[in-house]
>>> print(open('input-v7.tsv').read())   # TSV, C-alpha atoms
chain	number	residue	atom	x	y	z
A	1	MET	CA	-11.17	20.60	-43.49
A	2	VAL	CA	-9.42	22.98	-41.09
A	3	LYS	CA	-6.00	24.03	-42.29
A	4	ARG	CA	-3.25	22.46	-40.18
A	5	LYS	CA	-0.84	24.79	-38.39
A	6	ASN	CA	2.34	24.16	-36.38
A	7	PHE	CA	2.36	24.94	-32.64
A	8	ALA	CA	-1.36	25.65	-32.44
A	9	THR	CA	-2.52	27.36	-29.25
A	10	ILE	CA	-5.76	27.19	-27.30
A	11	LYS	CA	-6.62	30.55	-28.85
A	12	ASP	CA	-6.21	29.05	-32.34
A	13	VAL	CA	-8.53	26.16	-31.44
A	14	ALA	CA	-11.07	28.62	-29.97
A	15	ASN	CA	-11.02	30.77	-33.13
A	16	ALA	CA	-11.40	27.75	-35.41
A	17	SER	CA	-14.17	26.14	-33.37
A	18	GLY	CA	-16.15	29.24	-32.46
A	19	PHE	CA	-16.10	28.42	-28.76
A	20	SER	CA	-14.64	30.51	-25.95
A	21	ILE	CA	-11.11	29.96	-24.69
A	22	ASN	CA	-12.50	28.80	-21.32
A	23	THR	CA	-14.71	26.17	-22.98
A	24	VAL	CA	-11.85	24.97	-25.17
A	25	SER	CA	-9.53	24.81	-22.15
A	26	ARG	CA	-12.01	22.65	-20.20
A	27	ALA	CA	-12.51	20.33	-23.17
A	28	LEU	CA	-8.80	19.87	-23.80
A	29	SER	CA	-7.81	19.41	-20.16
A	30	GLY	CA	-10.72	17.12	-19.28
A	31	ARG	CA	-11.39	19.20	-16.19
A	32	GLY	CA	-14.79	20.85	-15.85
A	33	TYR	CA	-18.08	20.21	-17.65
A	34	VAL	CA	-18.39	20.48	-21.42
A	35	LYS	CA	-21.25	19.01	-23.46
A	36	LYS	CA	-20.26	15.80	-25.23
A	37	GLU	CA	-20.94	17.16	-28.73
A	38	THR	CA	-18.99	20.34	-28.00
A	39	LYS	CA	-16.04	18.44	-26.59
A	40	GLU	CA	-15.91	16.07	-29.59
A	41	LYS	CA	-15.91	19.02	-32.01
A	42	ILE	CA	-13.17	20.83	-30.10
A	43	LEU	CA	-10.98	17.72	-29.87
A	44	LYS	CA	-11.41	17.06	-33.60
A	45	ILE	CA	-10.39	20.61	-34.53
A	46	ALA	CA	-7.49	20.55	-32.07
A	47	SER	CA	-6.23	17.36	-33.71
A	48	GLU	CA	-6.51	18.85	-37.18
A	49	LEU	CA	-4.60	21.94	-36.08
A	50	GLY	CA	-1.87	19.85	-34.52
A	51	TYR	CA	-2.53	21.19	-31.02
A	52	SER	CA	-0.34	19.73	-28.26
A	53	ARG	CA	-0.85	20.85	-24.69
A	54	ASN	CA	2.12	22.76	-23.34
A	55	CYS	CA	2.30	21.30	-19.84
A	56	THR	CA	5.28	23.39	-18.79
A	57	ALA	CA	3.62	26.65	-19.79
A	58	SER	CA	0.41	25.58	-18.12
A	59	ALA	CA	2.24	24.74	-14.90
A	60	LEU	CA	4.05	28.08	-14.86
A	61	ARG	CA	0.79	29.93	-15.45
A	62	THR	CA	-1.43	28.05	-13.00
A	63	ARG	CA	1.24	26.70	-10.61
A	64	LYS	CA	-0.44	23.32	-11.10
A	65	THR	CA	1.44	20.44	-12.72
A	66	HIS	CA	-1.17	17.72	-12.09
A	67	LEU	CA	1.74	15.50	-11.08
A	68	ILE	CA	1.68	13.33	-7.95
A	69	GLY	CA	4.77	11.68	-6.50
A	70	VAL	CA	4.42	8.10	-5.24
A	71	VAL	CA	7.19	6.69	-3.04
A	72	VAL	CA	7.02	2.96	-2.25
A	73	VAL	CA	9.31	0.72	-0.24
A	74	ASP	CA	9.21	-2.18	-2.71
A	75	ASN	CA	7.33	-1.98	-6.00
A	76	SER	CA	8.16	-5.63	-6.77
A	77	ASN	CA	5.99	-6.78	-3.85
A	78	PRO	CA	2.51	-7.77	-5.15
A	79	PHE	CA	0.93	-5.90	-2.23
A	80	TYR	CA	2.43	-2.58	-3.30
A	81	ALA	CA	1.77	-3.32	-6.96
A	82	ASP	CA	-1.96	-3.37	-6.18
A	83	VAL	CA	-1.72	-0.22	-4.05
A	84	ILE	CA	0.02	1.59	-6.92
A	85	LYS	CA	-2.67	0.37	-9.31
A	86	GLY	CA	-5.33	1.90	-7.07
A	87	ILE	CA	-3.47	5.22	-6.92
A	88	GLU	CA	-3.03	5.33	-10.69
A	89	LEU	CA	-6.65	4.44	-11.44
A	90	GLU	CA	-7.93	7.25	-9.22
A	91	ALA	CA	-5.30	9.73	-10.39
A	92	ARG	CA	-6.26	9.13	-14.02
A	93	SER	CA	-9.91	9.85	-13.28
A	94	TYR	CA	-8.91	13.22	-11.81
A	95	GLY	CA	-6.60	14.11	-14.69
A	96	TYR	CA	-3.39	13.58	-12.71
A	97	THR	CA	-0.23	11.67	-13.62
A	98	ILE	CA	1.91	9.82	-11.08
A	99	ILE	CA	5.70	9.65	-10.88
A	100	LEU	CA	6.79	6.47	-9.10
A	101	MET	CA	10.00	6.01	-7.11
A	102	ASN	CA	11.17	2.94	-5.21
A	103	THR	CA	13.24	3.10	-1.99
A	104	ASP	CA	14.19	-0.57	-1.41
A	105	ARG	CA	13.25	-0.01	2.25
A	106	ASN	CA	16.15	2.41	2.71
A	107	TYR	CA	15.60	5.70	4.54
A	108	GLU	CA	18.29	7.60	2.62
A	109	ASN	CA	16.67	6.48	-0.64
A	110	GLU	CA	13.34	7.72	0.69
A	111	GLU	CA	14.81	11.15	1.42
A	112	LYS	CA	16.35	11.36	-2.06
A	113	ALA	CA	13.12	10.24	-3.72
A	114	ILE	CA	11.08	12.87	-1.91
A	115	ASN	CA	13.56	15.63	-2.77
A	116	THR	CA	13.66	14.57	-6.42
A	117	LEU	CA	9.87	14.57	-6.69
A	118	ILE	CA	9.60	18.01	-5.06
A	119	GLN	CA	12.11	19.31	-7.61
A	120	ARG	CA	9.84	17.90	-10.31
A	121	ARG	CA	7.11	20.19	-8.91
A	122	VAL	CA	4.70	17.46	-7.88
A	123	GLU	CA	1.59	18.83	-6.19
A	124	GLY	CA	1.69	16.22	-3.45
A	125	LEU	CA	3.19	12.94	-2.30
A	126	ILE	CA	1.82	9.50	-1.43
A	127	ILE	CA	4.34	7.55	0.63
A	128	THR	CA	4.72	4.05	2.03
A	129	ALA	CA	7.28	5.15	4.59
A	130	VAL	CA	10.35	3.13	5.59
A	131	GLN	CA	9.62	4.24	9.21
A	132	SER	CA	13.14	3.65	10.58
A	133	ARG	CA	13.27	7.46	10.68
A	134	THR	CA	10.59	10.05	10.01
A	135	ASP	CA	12.52	13.33	9.75
A	136	ASP	CA	11.63	13.66	6.07
A	137	ILE	CA	7.89	13.36	6.76
A	138	VAL	CA	8.19	15.93	9.55
A	139	GLU	CA	9.81	18.33	7.05
A	140	LEU	CA	7.03	17.79	4.52
A	141	VAL	CA	4.40	18.69	7.12
A	142	LYS	CA	6.44	21.64	8.38
A	143	ASN	CA	6.72	23.01	4.82
A	144	LYS	CA	3.03	22.36	4.15
A	145	ILE	CA	3.66	19.99	1.25
A	146	PRO	CA	0.52	17.83	0.85
A	147	ASN	CA	1.22	14.18	1.62
A	148	VAL	CA	-0.46	10.91	2.54
A	149	ILE	CA	1.12	8.00	4.41
A	150	ILE	CA	-0.15	4.55	3.46
A	151	GLY	CA	-0.07	1.65	5.89
A	152	ALA	CA	1.22	3.47	8.97
A	153	LYS	CA	0.42	6.13	11.53
A	154	LEU	CA	3.49	8.10	12.55
A	155	GLU	CA	3.43	9.35	16.12
A	156	ASN	CA	2.76	13.08	16.57
A	157	ILE	CA	2.97	13.88	12.84
A	158	PRO	CA	-0.28	15.59	11.74
A	159	THR	CA	-0.80	14.43	8.17
A	160	ASN	CA	-3.07	12.15	6.13
A	161	TYR	CA	-3.07	8.43	6.90
A	162	VAL	CA	-4.74	5.57	5.06
A	163	CYS	CA	-4.39	2.17	6.73
A	164	SER	CA	-6.07	-1.18	7.03
A	165	ASP	CA	-7.44	-2.12	10.45
A	166	ASP	CA	-4.24	-3.95	11.35
A	167	GLU	CA	-5.01	-4.47	15.02
A	168	TYR	CA	-8.33	-6.12	14.21
A	169	GLY	CA	-6.58	-8.21	11.57
A	170	GLY	CA	-4.19	-9.59	14.16
A	171	TYR	CA	-7.13	-10.17	16.48
A	172	LEU	CA	-9.05	-12.10	13.80
A	173	ALA	CA	-6.06	-14.31	12.99
A	174	ALA	CA	-5.48	-15.29	16.64
A	175	LYS	CA	-9.20	-15.64	17.36
A	176	HIS	CA	-9.54	-18.13	14.50
A	177	LEU	CA	-6.65	-20.24	15.79
A	178	LEU	CA	-7.88	-20.22	19.37
A	179	GLU	CA	-11.42	-21.14	18.37
A	180	THR	CA	-10.09	-24.07	16.36
A	181	GLY	CA	-8.12	-25.57	19.24
A	182	HIS	CA	-4.63	-24.11	18.74
A	183	ARG	CA	-2.71	-23.36	21.91
A	184	GLU	CA	0.98	-22.93	20.98
A	185	ILE	CA	1.16	-19.91	18.66
A	186	LEU	CA	4.23	-18.35	17.06
A	187	PHE	CA	4.06	-14.90	15.48
A	188	LEU	CA	6.69	-14.23	12.81
A	189	ASN	CA	6.55	-10.45	12.89
A	190	ALA	CA	8.30	-7.62	11.06
A	191	VAL	CA	10.70	-5.23	12.82
A	192	ARG	CA	9.34	-3.49	15.90
A	193	TYR	CA	9.52	0.09	14.59
A	194	LYS	CA	6.92	-0.63	11.91
A	195	TYR	CA	3.44	0.55	12.81
A	196	ALA	CA	1.65	-2.47	11.31
A	197	ALA	CA	3.98	-4.87	13.14
A	198	ARG	CA	3.18	-3.27	16.49
A	199	VAL	CA	-0.58	-3.09	16.12
A	200	ARG	CA	-0.96	-6.56	14.57
A	201	GLU	CA	0.89	-7.96	17.57
A	202	GLU	CA	-1.38	-5.95	19.89
A	203	GLY	CA	-4.41	-7.48	18.17
A	204	ILE	CA	-3.04	-11.00	18.60
A	205	ARG	CA	-2.36	-10.43	22.31
A	206	LYS	CA	-5.82	-8.96	22.77
A	207	ALA	CA	-7.39	-12.11	21.32
A	208	LEU	CA	-5.36	-14.32	23.65
A	209	LYS	CA	-6.51	-12.35	26.68
A	210	THR	CA	-10.12	-12.53	25.51
A	211	PHE	CA	-10.41	-16.15	24.38
A	212	SER	CA	-7.81	-18.27	26.16
A	213	LYS	CA	-5.65	-18.03	29.25
A	214	LYS	CA	-4.12	-21.43	28.46
A	215	ALA	CA	-2.69	-20.48	25.08
A	216	SER	CA	0.88	-19.23	24.72
A	217	LEU	CA	2.42	-16.78	22.26
A	218	ASP	CA	6.03	-16.37	21.19
A	219	VAL	CA	7.12	-13.61	18.83
A	220	ILE	CA	10.19	-13.42	16.61
A	221	TYR	CA	11.09	-10.45	14.44
A	222	SER	CA	12.43	-10.34	10.91
A	223	LYS	CA	13.40	-7.72	8.38
A	224	GLU	CA	10.99	-7.64	5.44
A	225	GLY	CA	11.29	-9.72	2.29
A	226	PHE	CA	11.08	-13.44	1.54
A	227	GLU	CA	14.80	-14.09	2.03
A	228	ASN	CA	14.93	-12.36	5.41
A	229	ALA	CA	11.82	-14.14	6.68
A	230	TYR	CA	13.22	-17.46	5.41
A	231	GLU	CA	16.55	-16.97	7.23
A	232	THR	CA	14.88	-15.83	10.46
A	233	PHE	CA	12.48	-18.76	10.59
A	234	GLN	CA	15.10	-21.28	9.57
A	235	ALA	CA	17.39	-20.02	12.36
A	236	LEU	CA	14.59	-20.68	14.85
A	237	LEU	CA	14.17	-24.26	13.65
A	238	ARG	CA	17.90	-24.90	13.86
A	239	LYS	CA	18.05	-23.45	17.36
A	240	LYS	CA	15.30	-25.80	18.47
A	241	LYS	CA	17.09	-28.71	16.73
A	242	ASN	CA	14.07	-29.46	14.57
A	243	ARG	CA	11.81	-29.93	17.59
A	244	PHE	CA	9.17	-27.42	16.62
A	245	ARG	CA	6.59	-27.33	19.42
A	246	TYR	CA	4.20	-24.75	17.92
A	247	ASP	CA	0.88	-25.88	16.47
A	248	SER	CA	0.41	-22.65	14.49
A	249	VAL	CA	2.27	-19.70	12.97
A	250	ILE	CA	0.79	-16.27	12.30
A	251	CYS	CA	2.88	-14.38	9.74
A	252	TYR	CA	3.28	-10.62	9.36
A	253	ASN	CA	2.31	-10.91	5.71
A	254	ASP	CA	1.72	-13.52	3.02
A	255	VAL	CA	5.32	-13.34	1.77
A	256	TYR	CA	6.50	-14.34	5.26
A	257	ALA	CA	3.94	-17.16	5.19
A	258	PHE	CA	5.32	-18.46	1.87
A	259	ALA	CA	8.77	-18.67	3.48
A	260	VAL	CA	7.39	-20.46	6.55
A	261	ILE	CA	5.45	-22.99	4.48
A	262	LYS	CA	8.49	-23.79	2.33
A	263	ILE	CA	10.77	-24.35	5.32
A	264	LEU	CA	8.24	-26.44	7.25
A	265	LYS	CA	7.75	-28.65	4.20
A	266	ASP	CA	11.52	-28.98	3.75
A	267	TYR	CA	11.78	-30.14	7.37
A	268	GLY	CA	9.03	-32.72	6.87
A	269	TYR	CA	6.10	-30.99	8.56
A	270	LYS	CA	2.65	-31.31	7.05
A	271	ILE	CA	0.46	-28.23	6.71
A	272	PRO	CA	-2.05	-27.96	8.30
A	273	ASP	CA	-1.93	-31.42	9.92
A	274	ASP	CA	1.20	-30.63	11.96
A	275	VAL	CA	1.23	-26.84	11.84
A	276	SER	CA	-1.40	-24.28	10.79
A	277	VAL	CA	-0.18	-21.15	9.00
A	278	ILE	CA	-1.95	-17.79	8.59
A	279	GLY	CA	-0.77	-14.88	6.45
A	280	PHE	CA	-1.80	-11.24	6.10
A	281	ASP	CA	-2.82	-9.18	3.03
A	282	ASP	CA	-4.26	-11.86	0.66
A	283	ILE	CA	-1.98	-11.11	-2.28
A	284	HIS	CA	-2.75	-12.88	-5.57
A	285	PHE	CA	-0.46	-15.88	-5.03
A	286	SER	CA	-2.00	-16.78	-1.66
A	287	GLU	CA	-4.72	-18.95	-3.13
A	288	LEU	CA	-2.33	-20.56	-5.64
A	289	ILE	CA	0.28	-22.02	-3.28
A	290	GLU	CA	-0.10	-25.49	-1.76
A	291	PRO	CA	-1.92	-25.56	0.52
A	292	PRO	CA	-3.92	-22.39	-0.31
A	293	LEU	CA	-3.21	-19.85	2.41
A	294	THR	CA	-5.61	-18.77	5.13
A	295	THR	CA	-5.02	-15.04	5.44
A	296	ILE	CA	-6.33	-11.66	6.51
A	297	ARG	CA	-7.58	-9.83	3.42
A	298	THR	CA	-6.82	-6.14	3.01
A	299	ASP	CA	-8.28	-4.08	0.17
A	300	LYS	CA	-5.03	-3.06	-1.46
A	301	ILE	CA	-6.47	-1.22	-4.44
A	302	LYS	CA	-8.77	0.75	-2.16
A	303	LEU	CA	-5.78	1.74	-0.03
A	304	GLY	CA	-4.46	3.39	-3.18
A	305	THR	CA	-7.71	5.04	-4.28
A	306	GLU	CA	-8.45	6.38	-0.80
A	307	ALA	CA	-4.91	7.71	-0.47
A	308	PHE	CA	-5.27	9.67	-3.69
A	309	LYS	CA	-8.67	11.05	-2.64
A	310	SER	CA	-7.21	12.20	0.68
A	311	LEU	CA	-4.32	13.88	-1.11
A	312	VAL	CA	-6.59	15.76	-3.52
A	313	LYS	CA	-8.67	17.05	-0.59
A	314	THR	CA	-5.50	18.37	1.03
A	315	ILE	CA	-4.34	20.00	-2.21
A	316	GLU	CA	-7.69	21.65	-2.87
A	317	TYR	CA	-9.01	22.38	0.62
A	318	GLY	CA	-6.13	21.88	3.05
A	319	SER	CA	-8.06	19.18	4.93
A	320	ILE	CA	-6.40	16.33	6.84
A	321	SER	CA	-7.99	12.89	7.23
A	322	GLN	CA	-7.35	9.45	8.64
A	323	VAL	CA	-8.95	6.50	6.85
A	324	ILE	CA	-9.09	3.01	8.35
A	325	LEU	CA	-10.21	0.28	5.95
A	326	PRO	CA	-11.87	-2.96	7.14
A	327	VAL	CA	-10.18	-6.37	6.92
A	328	GLU	CA	-11.59	-9.89	6.81
A	329	LEU	CA	-10.47	-13.43	7.52
A	330	ILE	CA	-10.22	-15.59	4.39
A	331	LEU	CA	-10.34	-19.28	5.27
A	332	ARG	CA	-8.41	-21.67	3.04
A	333	LYS	CA	-6.56	-24.93	3.64
A	334	SER	CA	-3.45	-23.90	5.57
A	335	THR	CA	-5.34	-24.06	8.90
A	336	LYS	CA	-7.49	-26.81	10.43
A	337	ASP	CA	-9.77	-27.37	13.41
A	338	ARG	CA	-7.83	-29.27	16.09
A	339	GLY	CA	-10.76	-29.51	18.51
A	340	LEU	CA	-10.84	-28.23	22.06
>>> encode(input="input-v7.tsv", output="structure tokens")
Amino acid sequence: MVKRKNFATIKDVANASGFSINTVSRALSGRGYVKKETKEKILKIASELGYSRNCTASALRTRKTHLIGVVVVDNSNPFYADVIKGIELEARSYGYTIILMNTDRNYENEEKAINTLIQRRVEGLIITAVQSRTDDIVELVKNKIPNVIIGAKLENIPTNYVCSDDEYGGYLAAKHLLETGHREILFLNAVRYKYAARVREEGIRKALKTFSKKASLDVIYSKEGFENAYETFQALLRKKKNRFRYDSVICYNDVYAFAVIKILKDYGYKIPDDVSVIGFDDIHFSELIEPPLTTIRTDKIKLGTEAFKSLVKTIEYGSISQVILPVELILRKSTKDRGL
């Protein structure tokens, strides 16, 4: 039995185990190769000595904190919950810890979050940007602070981007409706300054040009969140005095689609018999609502894992990358074939 000692150091563990300080350091940090038997012996002795890694001292010595800042617009949204899960899973495998901050889709909150995380000496930042302004991202790039933007490409800002193929997603949604006989399409979109809103609309318009000159498209814009989408769509119905002429609605995301389905049901419309509805993202609840939602699936966890990988490459090698992840149409019961 090794005699226990207060405030044991790596040197103490090395002396007690008979291994070099470098080997002990690799075993205790989990970074670098150490034989399984050697690592188990070192960890056992470290535990008996009462060793506790001094993260502050390590950071001062190496200038590495192994902390990553994650800034999200809404961590209560199931979409972002999955993205965060992906980031955390990958970060853990690399020996990093994340610090999460929520902005509630407010640019000033985003600025404060970024400044707070930099003060905490994070090695890099993963951000789902508000996008109403981008001055803070410009400053990060200017000051060479490693960062990755998830879900958007910001014009003329040379940094890492990880996105789903949003334009193709919009294209797939409209293509499905057109091929199943829909001709009066409404797109309930997010605000125009959002990258995903713009390119999803471009994809929808591209499909209309390709597959049907007889089909029509109207677009209305809503701030994000269930309540905002609900109010925007309800205002449209009231304006049209309940005479809803559209045979289909494409929604910016699944949360918007939930709002649309609820209102249409409240006004007596049957889905999909009267109106087909398509969402975007395929969050967990999309197959549980009634009817189950046809949607464009994005790999949310992979968005997170790929963002972390891109960030690590920037931290270690200074490289910059853009990753576009594929999407797919998931057919459920909120759309139907109306014939041609």
>>> residues_around(input="input-v7.tsv", residues="range 193-196 of chain A", least_positions_apart="4", cutoff="7 Å", atoms="all atoms listed in the file", output="count of residues only")
6
>>> residues_around(input="input-v7.tsv", residues="range 135-144 of chain A", least_positions_apart="4", cutoff="8 Å", atoms="all atoms listed in the file", output="list in words")
Glu111, Ile157, Pro158 and Thr159 of chain A
>>> write_last_selection(input="input-v7.tsv", atoms="C-alpha atoms", output="short mmCIF file (atom, residue, chain, number, x, y, z; two decimals), in the frame of the given file")
data_model
loop_
_atom_site.label_atom_id
_atom_site.label_comp_id
_atom_site.auth_asym_id
_atom_site.auth_seq_id
_atom_site.Cartn_x
_atom_site.Cartn_y
_atom_site.Cartn_z
CA GLU A 111 14.81 11.15 1.42
CA ILE A 157 2.97 13.88 12.84
CA PRO A 158 -0.28 15.59 11.74
CA THR A 159 -0.80 14.43 8.17
#
>>> closest_atom_pairs(input="input-v7.tsv", of="range 118-170 of chain A", to="range 261-283 of chain A", cutoff="10 Å", atoms="only C-alpha atoms", output="Markdown table")
| residue | atom | partner | partner_atom | distance |
| --- | --- | --- | --- | --- |
| A:Ser164 | CA | A:Asp281 | CA | 9.5 |
| A:Asp166 | CA | A:Phe280 | CA | 9.3 |
| A:Gly169 | CA | A:Phe280 | CA | 7.9 |
| A:Gly170 | CA | A:Phe280 | CA | 8.6 |
>>> residues_around(input="input-v7.tsv", residues="Asn77 in chain A", least_positions_apart="2", cutoff="10 Å", atoms="all atoms listed in the file", output="VMD selection string")
chain A and resid 72 to 75 79 to 82 225 to 226 255 283
>>> write_last_selection(input="input-v7.tsv", atoms="C-alpha atoms", output="mmCIF file, keeping the file's coordinate frame")
data_model
loop_
_atom_site.group_PDB
_atom_site.id
_atom_site.type_symbol
_atom_site.label_atom_id
_atom_site.label_comp_id
_atom_site.auth_asym_id
_atom_site.auth_seq_id
_atom_site.Cartn_x
_atom_site.Cartn_y
_atom_site.Cartn_z
ATOM 1 C CA VAL A 72 7.020 2.960 -2.250
ATOM 2 C CA VAL A 73 9.310 0.720 -0.240
ATOM 3 C CA ASP A 74 9.210 -2.180 -2.710
ATOM 4 C CA ASN A 75 7.330 -1.980 -6.000
ATOM 5 C CA PHE A 79 0.930 -5.900 -2.230
ATOM 6 C CA TYR A 80 2.430 -2.580 -3.300
ATOM 7 C CA ALA A 81 1.770 -3.320 -6.960
ATOM 8 C CA ASP A 82 -1.960 -3.370 -6.180
ATOM 9 C CA GLY A 225 11.290 -9.720 2.290
ATOM 10 C CA PHE A 226 11.080 -13.440 1.540
ATOM 11 C CA VAL A 255 5.320 -13.340 1.770
ATOM 12 C CA ILE A 283 -1.980 -11.110 -2.280
#
>>> closest_residue(input="input-v7.tsv", among="A:Ala215, A:Ile250, A:Phe19, A:Leu236", to="Val34 in chain A", atoms="only C-alpha atoms")
A:Phe19
>>> residues_around(input="input-v7.tsv", residues="Ala307 in chain A", least_positions_apart="2", cutoff="12 Å", atoms="all atoms listed in the file", output="VMD selection string")
chain A and resid 68 70 83 to 91 124 to 128 146 to 151 159 to 164 300 to 305 309 to 314 320 to 325
>>> atom_distance(input="input-v7.tsv", atom1="CA of Ser29 in chain A", atom2="CA of Gly50 in chain A")
15.5 Å
>>> closest_residue(input="input-v7.tsv", among="A:Tyr246, A:Phe258, A:Tyr33, A:Tyr96", to="Lys64 in chain A", atoms="all atoms listed in the file")
A:Tyr96
>>> atom_distance(input="input-v7.tsv", atom1="CA of Ala190 in chain A", atom2="CA of Thr294 in chain A")
18.8 Å
>>> closest_residue(input="input-v7.tsv", among="A:Thr116, A:Ser248, A:Asn253, A:Ser25", to="Ala197 in chain A", atoms="all atoms listed in the file")
A:Asn253
>>> decode(input="input-v7.tsv", residues="range 10-39 of chain A", atoms="C-alpha atoms", output="short mmCIF file (atom, residue, chain, number, x, y, z; two decimals), in the first residue's frame")
data_model
loop_
_atom_site.label_atom_id
_atom_site.label_comp_id
_atom_site.auth_asym_id
_atom_site.auth_seq_id
_atom_site.Cartn_x
_atom_site.Cartn_y
_atom_site.Cartn_z
CA ILE A 10 2.98 14.31 -11.00
CA LYS A 11 6.55 13.99 -9.77
CA ASP A 12 5.31 12.16 -6.65
CA VAL A 13 3.29 9.74 -8.80
CA ALA A 14 6.32 9.19 -11.07
CA ASN A 15 8.60 8.44 -8.10
CA ALA A 16 6.09 6.05 -6.55
CA SER A 17 5.32 4.22 -9.79
CA GLY A 18 8.81 4.08 -11.25
CA PHE A 19 7.70 5.61 -14.55
CA SER A 20 8.93 8.83 -16.12
CA ILE A 21 7.13 12.12 -15.59
CA ASN A 22 6.22 12.21 -19.31
CA THR A 23 4.63 8.75 -19.14
CA VAL A 24 2.74 9.63 -15.97
CA SER A 25 1.55 12.90 -17.52
CA ARG A 26 0.19 11.09 -20.60
CA ALA A 27 -1.57 8.50 -18.44
CA LEU A 28 -3.19 11.07 -16.16
CA SER A 29 -4.27 13.45 -18.92
CA GLY A 30 -5.52 10.74 -21.27
CA ARG A 31 -3.61 12.35 -24.12
CA GLY A 32 -0.96 10.30 -25.88
CA TYR A 33 -0.31 6.56 -25.94
CA VAL A 34 0.38 4.60 -22.76
CA LYS A 35 0.13 0.80 -22.46
CA LYS A 36 -3.06 -0.30 -20.72
CA GLU A 37 -1.25 -2.07 -17.87
CA THR A 38 1.02 0.93 -17.30
CA LYS A 39 -1.87 3.36 -17.29
#
